[in-house]
$ cat structure12.pdb   # PDB, C-alpha atoms and all ligand atoms
ATOM      1  CA  MET A   1     117.461 -42.399 -75.348
ATOM      2  CA  LYS A   2     115.292 -45.380 -76.250
ATOM      3  CA  ASN A   3     115.046 -48.342 -73.861
ATOM      4  CA  GLU A   4     113.938 -51.507 -75.682
ATOM      5  CA  TYR A   5     112.009 -52.786 -72.633
ATOM      6  CA  ILE A   6     109.736 -49.720 -72.424
ATOM      7  CA  PRO A   7     106.622 -49.298 -74.594
ATOM      8  CA  TYR A   8     106.630 -45.880 -76.291
ATOM      9  CA  LYS A   9     103.577 -44.007 -77.527
ATOM     10  CA  ALA A  10     103.163 -43.830 -81.300
ATOM     11  CA  VAL A  11     100.474 -41.993 -83.245
ATOM     12  CA  ILE A  12      98.722 -43.552 -86.245
ATOM     13  CA  SER A  13      99.407 -41.332 -89.256
ATOM     14  CA  SER A  14      97.646 -43.466 -91.882
ATOM     15  CA  ILE A  15      95.630 -46.673 -92.221
ATOM     16  CA  GLN A  16      95.680 -48.703 -95.421
ATOM     17  CA  LYS A  17      92.985 -51.376 -95.793
ATOM     18  CA  GLU A  18      94.672 -54.518 -97.207
ATOM     19  CA  SER A  19      91.815 -57.026 -96.977
ATOM     20  CA  PHE A  20      88.561 -57.578 -95.098
ATOM     21  CA  ASP A  21      90.456 -58.356 -91.845
ATOM     22  CA  THR A  22      93.907 -56.763 -92.314
ATOM     23  CA  ASN A  23      95.007 -53.130 -92.201
ATOM     24  CA  THR A  24      98.463 -51.592 -92.506
ATOM     25  CA  TYR A  25      99.113 -48.926 -89.851
ATOM     26  CA  LYS A  26     101.775 -46.279 -90.373
ATOM     27  CA  VAL A  27     102.831 -44.904 -86.982
ATOM     28  CA  VAL A  28     105.128 -42.108 -85.847
ATOM     29  CA  PHE A  29     106.579 -41.977 -82.332
ATOM     30  CA  ASP A  30     105.166 -39.182 -80.195
ATOM     31  CA  ASP A  31     108.707 -38.332 -79.069
ATOM     32  CA  GLU A  32     110.855 -37.548 -82.119
ATOM     33  CA  LYS A  33     114.043 -38.576 -80.279
ATOM     34  CA  ILE A  34     112.607 -42.069 -79.723
ATOM     35  CA  GLY A  35     111.677 -42.287 -83.403
ATOM     36  CA  ASN A  36     115.197 -41.327 -84.449
ATOM     37  CA  SER A  37     116.782 -43.937 -82.174
ATOM     38  CA  PHE A  38     114.419 -46.808 -83.143
ATOM     39  CA  ASP A  39     116.857 -48.702 -85.369
ATOM     40  CA  TYR A  40     115.585 -52.020 -86.640
ATOM     41  CA  LYS A  41     116.476 -54.642 -89.208
ATOM     42  CA  GLN A  42     114.431 -56.364 -91.916
ATOM     43  CA  GLY A  43     112.442 -59.265 -90.397
ATOM     44  CA  GLN A  44     112.386 -58.008 -86.803
ATOM     45  CA  PHE A  45     109.168 -57.584 -84.824
ATOM     46  CA  ALA A  46     107.838 -55.240 -82.138
ATOM     47  CA  GLU A  47     105.445 -55.758 -79.235
ATOM     48  CA  ILE A  48     102.375 -53.604 -79.877
ATOM     49  CA  SER A  49     100.056 -52.760 -76.996
ATOM     50  CA  LEU A  50      96.992 -50.828 -75.934
ATOM     51  CA  LEU A  51      96.728 -49.859 -72.260
ATOM     52  CA  GLY A  52      94.303 -52.087 -70.372
ATOM     53  CA  ILE A  53      93.799 -54.402 -73.372
ATOM     54  CA  GLY A  54      96.980 -56.347 -74.066
ATOM     55  CA  GLU A  55     100.119 -56.772 -76.099
ATOM     56  CA  ALA A  56     101.106 -58.901 -79.119
ATOM     57  CA  PRO A  57     104.162 -59.427 -81.313
ATOM     58  CA  ILE A  58     103.729 -57.899 -84.783
ATOM     59  CA  SER A  59     106.286 -57.936 -87.620
ATOM     60  CA  ILE A  60     107.676 -54.590 -88.721
ATOM     61  CA  THR A  61     106.668 -54.438 -92.375
ATOM     62  CA  SER A  62     108.304 -51.097 -93.149
ATOM     63  CA  THR A  63     111.875 -50.968 -94.417
ATOM     64  CA  PRO A  64     114.783 -49.844 -92.180
ATOM     65  CA  SER A  65     116.214 -47.508 -94.827
ATOM     66  CA  ARG A  66     112.916 -45.574 -95.090
ATOM     67  CA  LYS A  67     113.151 -43.518 -91.898
ATOM     68  CA  GLY A  68     110.725 -41.496 -89.759
ATOM     69  CA  PHE A  69     107.902 -44.017 -89.372
ATOM     70  CA  LEU A  70     107.073 -47.680 -88.769
ATOM     71  CA  GLU A  71     104.447 -49.797 -90.512
ATOM     72  CA  PHE A  72     102.574 -52.823 -89.154
ATOM     73  CA  SER A  73     100.073 -54.976 -91.074
ATOM     74  CA  ILE A  74      97.640 -56.250 -88.480
ATOM     75  CA  ARG A  75      94.956 -58.906 -88.887
ATOM     76  CA  ALA A  76      91.967 -58.618 -86.542
ATOM     77  CA  ALA A  77      92.421 -61.973 -84.780
ATOM     78  CA  GLY A  78      91.598 -61.498 -81.101
ATOM     79  CA  ASN A  79      91.445 -59.203 -78.062
ATOM     80  CA  LEU A  80      94.137 -56.681 -78.943
ATOM     81  CA  THR A  81      94.073 -56.728 -82.707
ATOM     82  CA  ASP A  82      90.248 -56.327 -82.804
ATOM     83  CA  LYS A  83      90.630 -53.176 -80.659
ATOM     84  CA  ILE A  84      93.450 -51.869 -82.883
ATOM     85  CA  HIS A  85      91.077 -52.196 -85.846
ATOM     86  CA  GLU A  86      88.719 -49.755 -84.064
ATOM     87  CA  LEU A  87      91.458 -47.066 -83.978
ATOM     88  CA  LYS A  88      91.483 -44.130 -86.377
ATOM     89  CA  VAL A  89      94.162 -41.837 -87.789
ATOM     90  CA  GLY A  90      95.394 -39.622 -84.903
ATOM     91  CA  ASP A  91      94.795 -42.326 -82.243
ATOM     92  CA  SER A  92      97.757 -43.849 -80.386
ATOM     93  CA  LEU A  93      99.144 -47.266 -79.563
ATOM     94  CA  PHE A  94     102.340 -48.355 -77.805
ATOM     95  CA  VAL A  95     105.421 -49.947 -79.342
ATOM     96  CA  ARG A  96     108.376 -51.653 -77.664
ATOM     97  CA  GLY A  97     111.259 -53.318 -79.444
ATOM     98  CA  PRO A  98     112.640 -54.044 -81.961
ATOM     99  CA  TYR A  99     113.068 -57.733 -81.171
ATOM    100  CA  GLY A 100     114.312 -60.925 -82.763
ATOM    101  CA  ASN A 101     116.916 -61.641 -85.378
ATOM    102  CA  SER A 102     116.623 -60.508 -88.989
ATOM    103  CA  PHE A 103     116.611 -61.716 -92.573
ATOM    104  CA  PRO A 104     120.120 -61.940 -94.042
ATOM    105  CA  TYR A 105     120.986 -58.999 -96.299
ATOM    106  CA  ASP A 106     124.715 -58.617 -97.077
ATOM    107  CA  GLU A 107     125.002 -62.417 -97.371
ATOM    108  CA  ILE A 108     122.405 -62.550-100.190
ATOM    109  CA  LYS A 109     123.940 -59.852-102.393
ATOM    110  CA  GLY A 110     124.528 -61.160-105.931
ATOM    111  CA  LYS A 111     122.037 -64.019-105.454
ATOM    112  CA  ASN A 112     118.789 -64.748-107.278
ATOM    113  CA  LEU A 113     115.991 -64.304-104.772
ATOM    114  CA  TYR A 114     112.657 -66.085-104.405
ATOM    115  CA  PHE A 115     110.082 -64.605-102.026
ATOM    116  CA  ILE A 116     107.279 -67.095-101.426
ATOM    117  CA  ALA A 117     104.408 -65.900 -99.254
ATOM    118  CA  GLY A 118     100.939 -67.016 -98.260
ATOM    119  CA  GLY A 119      98.267 -64.620 -96.939
ATOM    120  CA  ILE A 120      99.567 -62.453 -94.122
ATOM    121  CA  GLY A 121     103.053 -63.941 -94.679
ATOM    122  CA  LEU A 122     103.778 -61.139 -97.138
ATOM    123  CA  PRO A 123     104.066 -58.304 -94.534
ATOM    124  CA  PRO A 124     107.241 -59.641 -92.826
ATOM    125  CA  LEU A 125     108.865 -60.265 -96.240
ATOM    126  CA  ARG A 126     107.869 -56.814 -97.506
ATOM    127  CA  SER A 127     110.511 -55.208 -95.265
ATOM    128  CA  LEU A 128     113.266 -57.144 -97.071
ATOM    129  CA  ILE A 129     111.639 -56.957-100.528
ATOM    130  CA  ASN A 130     111.599 -53.140-100.423
ATOM    131  CA  MET A 131     115.238 -53.078 -99.257
ATOM    132  CA  VAL A 132     116.139 -55.267-102.238
ATOM    133  CA  MET A 133     114.065 -53.095-104.605
ATOM    134  CA  ASP A 134     115.768 -49.938-103.236
ATOM    135  CA  ASN A 135     119.195 -51.488-103.996
ATOM    136  CA  ARG A 136     118.150 -53.540-107.020
ATOM    137  CA  LYS A 137     121.565 -53.676-108.754
ATOM    138  CA  ASP A 138     123.081 -55.530-105.768
ATOM    139  CA  PHE A 139     120.961 -58.634-106.434
ATOM    140  CA  GLY A 140     120.249 -61.152-109.199
ATOM    141  CA  HIS A 141     116.814 -62.052-110.530
ATOM    142  CA  VAL A 142     113.903 -61.530-108.118
ATOM    143  CA  LYS A 143     110.767 -63.658-108.227
ATOM    144  CA  ILE A 144     107.824 -63.132-105.873
ATOM    145  CA  LEU A 145     105.310 -65.995-105.611
ATOM    146  CA  TYR A 146     102.265 -65.040-103.561
ATOM    147  CA  GLY A 147      99.114 -66.952-102.694
ATOM    148  CA  ALA A 148      95.938 -65.688-101.009
ATOM    149  CA  LYS A 149      92.560 -67.305-100.405
ATOM    150  CA  THR A 150      90.592 -64.802-102.490
ATOM    151  CA  PRO A 151      91.429 -61.702-104.575
ATOM    152  CA  ASP A 152      90.112 -59.571-101.653
ATOM    153  CA  GLU A 153      92.749 -61.082 -99.382
ATOM    154  CA  VAL A 154      95.733 -60.086-101.554
ATOM    155  CA  CYS A 155      97.774 -57.638 -99.411
ATOM    156  CA  PHE A 156      99.801 -54.728-100.868
ATOM    157  CA  LYS A 157      98.069 -54.839-104.273
ATOM    158  CA  GLY A 158      99.579 -51.484-105.304
ATOM    159  CA  GLU A 159     103.108 -52.446-104.284
ATOM    160  CA  LEU A 160     102.880 -55.873-105.988
ATOM    161  CA  ALA A 161     102.069 -54.025-109.232
ATOM    162  CA  GLU A 162     105.057 -51.682-108.676
ATOM    163  CA  TRP A 163     107.472 -54.540-107.926
ATOM    164  CA  LYS A 164     106.365 -56.230-111.155
ATOM    165  CA  LYS A 165     107.568 -53.187-113.128
ATOM    166  CA  VAL A 166     111.096 -53.283-111.634
ATOM    167  CA  PRO A 167     113.579 -54.663-114.221
ATOM    168  CA  ASP A 168     114.613 -58.302-113.761
ATOM    169  CA  SER A 169     111.786 -58.873-111.280
ATOM    170  CA  GLU A 170     108.669 -61.031-111.549
ATOM    171  CA  VAL A 171     105.496 -61.202-109.480
ATOM    172  CA  TRP A 172     103.185 -64.225-109.646
ATOM    173  CA  ILE A 173      99.931 -64.180-107.705
ATOM    174  CA  THR A 174      97.457 -66.997-107.220
ATOM    175  CA  VAL A 175      94.192 -67.292-105.278
ATOM    176  CA  ASP A 176      92.382 -70.377-103.976
ATOM    177  CA  LYS A 177      88.996 -69.042-105.018
ATOM    178  CA  PRO A 178      88.752 -66.673-107.986
ATOM    179  CA  CYS A 179      86.013 -64.147-108.590
ATOM    180  CA  ASP A 180      84.783 -62.265-111.674
ATOM    181  CA  GLY A 181      87.534 -60.197-113.247
ATOM    182  CA  TRP A 182      90.443 -62.081-111.616
ATOM    183  CA  GLY A 183      93.205 -62.173-114.208
ATOM    184  CA  CYS A 184      95.924 -64.112-112.371
ATOM    185  CA  SER A 185      96.382 -67.784-111.461
ATOM    186  CA  VAL A 186      94.042 -70.017-109.459
ATOM    187  CA  GLY A 187      95.177 -72.665-106.952
ATOM    188  CA  VAL A 188      97.489 -72.871-103.951
ATOM    189  CA  VAL A 189     100.889 -71.180-104.166
ATOM    190  CA  THR A 190     102.726 -74.399-105.149
ATOM    191  CA  GLU A 191     100.585 -74.491-108.327
ATOM    192  CA  LEU A 192     102.780 -71.600-109.531
ATOM    193  CA  TRP A 193     105.624 -74.095-110.027
ATOM    194  CA  LYS A 194     103.653 -75.244-113.119
ATOM    195  CA  GLU A 195     103.549 -71.702-114.502
ATOM    196  CA  THR A 196     107.022 -70.351-113.832
ATOM    197  CA  GLU A 197     110.472 -71.883-113.457
ATOM    198  CA  VAL A 198     112.123 -72.128-110.045
ATOM    199  CA  HIS A 199     115.893 -72.717-110.143
ATOM    200  CA  SER A 200     118.098 -73.296-107.122
ATOM    201  CA  GLU A 201     121.342 -72.195-108.802
ATOM    202  CA  ASN A 202     122.911 -69.253-106.913
ATOM    203  CA  ALA A 203     119.515 -68.698-105.274
ATOM    204  CA  VAL A 204     118.026 -68.147-101.826
ATOM    205  CA  ALA A 205     114.336 -68.704-101.065
ATOM    206  CA  PHE A 206     112.446 -66.818 -98.349
ATOM    207  CA  VAL A 207     109.222 -68.485 -97.225
ATOM    208  CA  CYS A 208     106.579 -66.966 -94.976
ATOM    209  CA  GLY A 209     102.974 -67.995 -94.375
ATOM    210  CA  PRO A 210     100.757 -70.484 -92.577
ATOM    211  CA  PRO A 211     102.461 -73.759 -91.501
ATOM    212  CA  ILE A 212     100.554 -75.912 -94.017
ATOM    213  CA  MET A 213     101.626 -73.657 -96.878
ATOM    214  CA  ILE A 214     105.256 -73.678 -95.699
ATOM    215  CA  LYS A 215     105.205 -77.481 -95.532
ATOM    216  CA  PHE A 216     104.165 -77.872 -99.186
ATOM    217  CA  VAL A 217     106.437 -75.053-100.416
ATOM    218  CA  LEU A 218     109.420 -76.762 -98.733
ATOM    219  CA  MET A 219     108.615 -79.967-100.618
ATOM    220  CA  GLU A 220     108.602 -78.088-103.939
ATOM    221  CA  LEU A 221     111.818 -76.207-103.117
ATOM    222  CA  GLU A 222     113.496 -79.508-102.300
ATOM    223  CA  LYS A 223     112.375 -80.916-105.668
ATOM    224  CA  SER A 224     113.777 -77.770-107.319
ATOM    225  CA  GLY A 225     117.160 -78.573-105.758
ATOM    226  CA  PHE A 226     117.324 -75.984-102.937
ATOM    227  CA  LYS A 227     119.707 -76.845-100.104
ATOM    228  CA  ASP A 228     118.428 -76.456 -96.522
ATOM    229  CA  ARG A 229     120.815 -73.562 -95.790
ATOM    230  CA  ASP A 230     119.421 -71.632 -98.794
ATOM    231  CA  ILE A 231     115.837 -71.737 -97.533
ATOM    232  CA  VAL A 232     114.990 -69.036 -94.994
ATOM    233  CA  MET A 233     111.662 -68.972 -93.149
ATOM    234  CA  THR A 234     109.984 -67.394 -90.157
ATOM    235  CA  LEU A 235     108.444 -69.346 -87.274
ATOM    236  CA  GLU A 236     105.475 -68.124 -85.259
ATOM    237  CA  ARG A 237     105.051 -69.186 -81.649
ATOM    238  CA  TYR A 238     102.789 -67.997 -78.882
ATOM    239  CA  MET A 239     104.854 -65.155 -77.361
ATOM    240  CA  LYS A 240     104.578 -63.036 -74.232
ATOM    241  CA  CYS A 241     107.722 -61.106 -73.292
ATOM    242  CA  GLY A 242     109.555 -61.091 -76.642
ATOM    243  CA  VAL A 243     112.907 -60.874 -74.867
ATOM    244  CA  GLY A 244     113.776 -64.460 -73.891
ATOM    245  CA  LYS A 245     112.551 -64.321 -70.278
ATOM    246  CA  CYS A 246     109.071 -65.884 -69.995
ATOM    247  CA  GLY A 247     109.784 -69.194 -71.738
ATOM    248  CA  HIS A 248     106.550 -69.194 -73.782
ATOM    249  CA  CYS A 249     108.143 -69.465 -77.205
ATOM    250  CA  ASN A 250     110.912 -72.018 -76.893
ATOM    251  CA  ILE A 251     111.396 -74.983 -79.214
ATOM    252  CA  GLY A 252     113.989 -77.167 -77.532
ATOM    253  CA  GLU A 253     116.926 -74.902 -76.713
ATOM    254  CA  LYS A 254     115.868 -72.142 -79.115
ATOM    255  CA  PHE A 255     113.738 -69.155 -78.140
ATOM    256  CA  VAL A 256     111.817 -68.022 -81.210
ATOM    257  CA  CYS A 257     111.702 -64.442 -79.842
ATOM    258  CA  ILE A 258     115.479 -63.979 -79.580
ATOM    259  CA  ASP A 259     117.066 -66.757 -81.691
ATOM    260  CA  GLY A 260     114.349 -66.242 -84.367
ATOM    261  CA  PRO A 261     111.802 -65.646 -85.746
ATOM    262  CA  VAL A 262     114.018 -66.089 -88.843
ATOM    263  CA  PHE A 263     115.598 -69.543 -89.276
ATOM    264  CA  THR A 264     117.078 -71.499 -92.157
ATOM    265  CA  ARG A 265     115.529 -74.859 -92.936
ATOM    266  CA  HIS A 266     118.824 -76.359 -91.793
ATOM    267  CA  GLU A 267     118.317 -74.828 -88.321
ATOM    268  CA  VAL A 268     114.660 -75.867 -88.159
ATOM    269  CA  LYS A 269     115.545 -79.467 -88.997
ATOM    270  CA  ALA A 270     117.877 -79.548 -85.978
ATOM    271  CA  MET A 271     114.988 -78.589 -83.634
ATOM    272  CA  PRO A 272     112.938 -81.210 -81.792
ATOM    273  CA  ARG A 273     109.856 -82.083 -83.851
ATOM    274  CA  GLN A 274     106.778 -80.276 -82.631
ATOM    275  CA  GLU A 275     103.453 -79.323 -84.114
ATOM    276  CA  ASN A 276     103.915 -76.617 -86.762
ATOM    277  CA  VAL A 277     107.654 -77.259 -87.081
ATOM    278  CA  PHE A 278     108.936 -78.744 -90.290
TER
HETATM  279  C1  LIG A 301     107.093 -63.016 -84.412
HETATM  280  C2  LIG A 301     105.618 -62.809 -84.689
HETATM  281  C3  LIG A 301     105.221 -61.891 -85.634
HETATM  282  C4  LIG A 301     103.864 -61.675 -85.888
HETATM  283  N1  LIG A 301     103.513 -60.755 -86.833
HETATM  284  C5  LIG A 301     102.211 -60.506 -87.042
HETATM  285  C6  LIG A 301     101.838 -59.501 -88.002
HETATM  286  O1  LIG A 301     102.681 -58.881 -88.664
HETATM  287  N2  LIG A 301     100.521 -59.253 -88.154
HETATM  288  C7  LIG A 301      99.557 -59.942 -87.442
HETATM  289  O2  LIG A 301      98.359 -59.646 -87.651
HETATM  290  N3  LIG A 301      99.879 -60.890 -86.557
HETATM  291  C8  LIG A 301     101.186 -61.189 -86.324
HETATM  292  N4  LIG A 301     101.522 -62.145 -85.406
HETATM  293  C9  LIG A 301     100.457 -62.885 -84.709
HETATM  294  C10 LIG A 301      99.887 -62.081 -83.541
HETATM  295  O3  LIG A 301     100.898 -61.776 -82.601
HETATM  296  C11 LIG A 301      98.807 -62.955 -82.843
HETATM  297  O4  LIG A 301      97.728 -63.154 -83.751
HETATM  298  C12 LIG A 301      98.308 -62.344 -81.538
HETATM  299  O5  LIG A 301      97.841 -63.385 -80.733
HETATM  300  C13 LIG A 301      97.201 -61.344 -81.702
HETATM  301  O6  LIG A 301      96.831 -60.870 -80.408
HETATM  302  P1  LIG A 301      95.311 -60.650 -79.975
HETATM  303  O7  LIG A 301      95.319 -60.268 -78.529
HETATM  304  O8  LIG A 301      94.627 -59.745 -80.916
HETATM  305  O9  LIG A 301      94.690 -62.066 -80.194
HETATM  306  P2  LIG A 301      94.419 -63.226 -79.117
HETATM  307  O10 LIG A 301      93.317 -62.801 -78.204
HETATM  308  O11 LIG A 301      95.723 -63.618 -78.529
HETATM  309  O12 LIG A 301      93.840 -64.346 -80.091
HETATM  310  C14 LIG A 301      94.576 -64.791 -81.255
HETATM  311  C15 LIG A 301      94.134 -66.199 -81.602
HETATM  312  O13 LIG A 301      94.589 -67.102 -80.606
HETATM  313  C16 LIG A 301      93.483 -67.773 -80.048
HETATM  314  N5  LIG A 301      93.795 -67.902 -78.612
HETATM  315  C17 LIG A 301      93.918 -66.915 -77.703
HETATM  316  N6  LIG A 301      94.235 -67.418 -76.510
HETATM  317  C18 LIG A 301      94.311 -68.765 -76.663
HETATM  318  C19 LIG A 301      94.633 -69.854 -75.799
HETATM  319  N7  LIG A 301      94.909 -69.670 -74.501
HETATM  320  N8  LIG A 301      94.651 -71.093 -76.318
HETATM  321  C20 LIG A 301      94.379 -71.306 -77.619
HETATM  322  N9  LIG A 301      94.074 -70.306 -78.499
HETATM  323  C21 LIG A 301      94.052 -69.071 -78.015
HETATM  324  C22 LIG A 301      92.282 -66.901 -80.338
HETATM  325  O14 LIG A 301      91.084 -67.629 -80.393
HETATM  326  C23 LIG A 301      92.624 -66.333 -81.691
HETATM  327  O15 LIG A 301      92.328 -67.240 -82.723
HETATM  328  C24 LIG A 301     102.877 -62.403 -85.156
HETATM  329  C25 LIG A 301     103.276 -63.335 -84.198
HETATM  330  C26 LIG A 301     104.623 -63.557 -83.971
HETATM  331  C27 LIG A 301     105.050 -64.561 -82.941
HETATM  332  S1  LIG A 302     108.280 -64.728 -75.694
HETATM  333 FE1  LIG A 302     109.080 -64.857 -73.670
HETATM  334  S2  LIG A 302     110.792 -66.157 -73.916
HETATM  335 FE2  LIG A 302     110.141 -65.802 -75.965
END
$ encode --input "structure12.pdb" --output "structure tokens" --more "lines below"
Ligand SMILES: Cc1cc2nc3c(=O)[nH]c(=O)nc-3n(C[C@H](O)[C@H](O)[C@H](O)COP(=O)(O)OP(=O)(O)OC[C@H]3O[C@@H](n4cnc5c(N)ncnc54)[C@H](O)[C@@H]3O)c2cc1C
Ligand code: FES
Amino acid sequence: MKNEYIPYKAVISSIQKESFDTNTYKVVFDDEKIGNSFDYKQGQFAEISLLGIGEAPISITSTPSRKGFLEFSIRAAGNLTDKIHELKVGDSLFVRGPYGNSFPYDEIKGKNLYFIAGGIGLPPLRSLINMVMDNRKDFGHVKILYGAKTPDEVCFKGELAEWKKVPDSEVWITVDKPCDGWGCSVGVVTELWKETEVHSENAVAFVCGPPIMIKFVLMELEKSGFKDRDIVMTLERYMKCGVGKCGHCNIGEKFVCIDGPVFTRHEVKAMPRQENVF
């Protein structure tokens, strides 16, 4: 029986290079019983660790309905994640969780959905996007707006192309700096508002990315008529325990690790103003 406070060993079964500093790791729990009892929801995260190195919160980018494995897209950003990037297929890491709340799912059935991501903001959304794509008839029109710094930094290139082929679904990609052969848009993600229509009617927008990108996307969504309760985003804070005990991640009365990381704009507006909070 799985205990969510204990890190369990998981073996890397594949590594997909997404960009120069980000890989997606598919892992399978060493103990099959643990794997079978690791139930998670779209938008949750896990604490990933290496013995003697450290631990960090990482979003689960795989989709709950696709069983038997977990996937994590990890950017080499420091002590732990640099070491994870040295691992190979067959090596192990440790996983505890799942933690945090989740993206709404039943509540958004029948709605038109906008997924707006910047850089490594796509991995947390991917969990929900694939759930929507697996149950496509339950939802209205789907539009994915994605911005990366360069074409090399576009994550999930293969999947973006697949999502584009799904009926009643659109994918728009833009990069800050183009290179030879780039056939999509150029400019920050809000530039896509000039190329495609964004309508708030019967719609929910999911926004994930760096704080500066979220800030400008929120301004555009407001202009497009989105109400605060129909804008869903994730907040990142410096986390330690992930279970509401250490007090590292709180914003006012809210603990991002247990009350979040998913919040509506309405909820974020009720928080005390701090750096990185909109
Ligand atoms: C809910 C959640 C989900 C996340 N999901 C993902 C994900 O899917 N993929 C992903 O790649 N990352 C994700 N992150 C971010 C990831 O947890 C952090 O980047 C983590 O710090 C990496 O750990 P590390 O030990 O490799 O890096 P660290 O050694 O902690 O360094 C990370 C950065 O913080 C700086 N830093 C370290 N210590 C300090 C300090 N004391 N003061 C100031 N700056 C400092 C470093 O210089 C570096 O730039 C997520 C974070 C949260 C909260
Ligand atoms: S990370 Fe410890 S309380 Fe949230």
$ residues_near_ligand --input "structure12.pdb" --ligand "ligand LIG 301 (chain A)" --cutoff "6 Å" --atoms "all atoms listed in the file" --output "number ranges by chain"
A: 45, 56-59, 73-75, 77-82, 236-239, 261
$ write_last_selection --input "structure12.pdb" --atoms "C-alpha atoms" --output "compact mmCIF listing (two decimals), keeping the file's coordinate frame"
# COMPACT_ATOMS: atom_id res chain seq x y z
CA PHE A 45 109.17 -57.58 -84.82
CA ALA A 56 101.11 -58.90 -79.12
CA PRO A 57 104.16 -59.43 -81.31
CA ILE A 58 103.73 -57.90 -84.78
CA SER A 59 106.29 -57.94 -87.62
CA SER A 73 100.07 -54.98 -91.07
CA ILE A 74 97.64 -56.25 -88.48
CA ARG A 75 94.96 -58.91 -88.89
CA ALA A 77 92.42 -61.97 -84.78
CA GLY A 78 91.60 -61.50 -81.10
CA ASN A 79 91.44 -59.20 -78.06
CA LEU A 80 94.14 -56.68 -78.94
CA THR A 81 94.07 -56.73 -82.71
CA ASP A 82 90.25 -56.33 -82.80
CA GLU A 236 105.48 -68.12 -85.26
CA ARG A 237 105.05 -69.19 -81.65
CA TYR A 238 102.79 -68.00 -78.88
CA MET A 239 104.85 -65.16 -77.36
CA PRO A 261 111.80 -65.65 -85.75
$ atom_distance --input "structure12.pdb" --atom1 "atom CA of A:Val142" --atom2 "atom CA of A:Ile15"
28.4 Å
$ resolve_selection --input "structure12.pdb" --expression "the PyMOL selection byres (((not hetatm)) within 6 of (chain A and resi 302))" --output "list of chain:residue names"
A:Met239, A:Lys240, A:Cys241, A:Gly242, A:Val243, A:Gly244, A:Lys245, A:Cys246, A:Gly247, A:His248, A:Cys249, A:Phe255, A:Val256, A:Cys257
$ residues_near_point --input "structure12.pdb" --point "(116.9, -61.6, -92.5)" --cutoff "8 Å" --atoms "only C-alpha atoms" --output "mmCIF file with C-alpha atoms, in the frame of the given file"
data_model
loop_
_atom_site.group_PDB
_atom_site.id
_atom_site.type_symbol
_atom_site.label_atom_id
_atom_site.label_comp_id
_atom_site.auth_asym_id
_atom_site.auth_seq_id
_atom_site.Cartn_x
_atom_site.Cartn_y
_atom_site.Cartn_z
ATOM 1 C CA LYS A 41 116.476 -54.642 -89.208
ATOM 2 C CA GLN A 42 114.431 -56.364 -91.916
ATOM 3 C CA GLY A 43 112.442 -59.265 -90.397
ATOM 4 C CA ASN A 101 116.916 -61.641 -85.378
ATOM 5 C CA SER A 102 116.623 -60.508 -88.989
ATOM 6 C CA PHE A 103 116.611 -61.716 -92.573
ATOM 7 C CA PRO A 104 120.120 -61.940 -94.042
ATOM 8 C CA TYR A 105 120.986 -58.999 -96.299
ATOM 9 C CA LEU A 128 113.266 -57.144 -97.071
ATOM 10 C CA VAL A 262 114.018 -66.089 -88.843
#
$ atom_distance --input "structure12.pdb" --atom1 "atom CA of A:Glu47" --atom2 "atom CA of A:Lys9"
12.0 Å
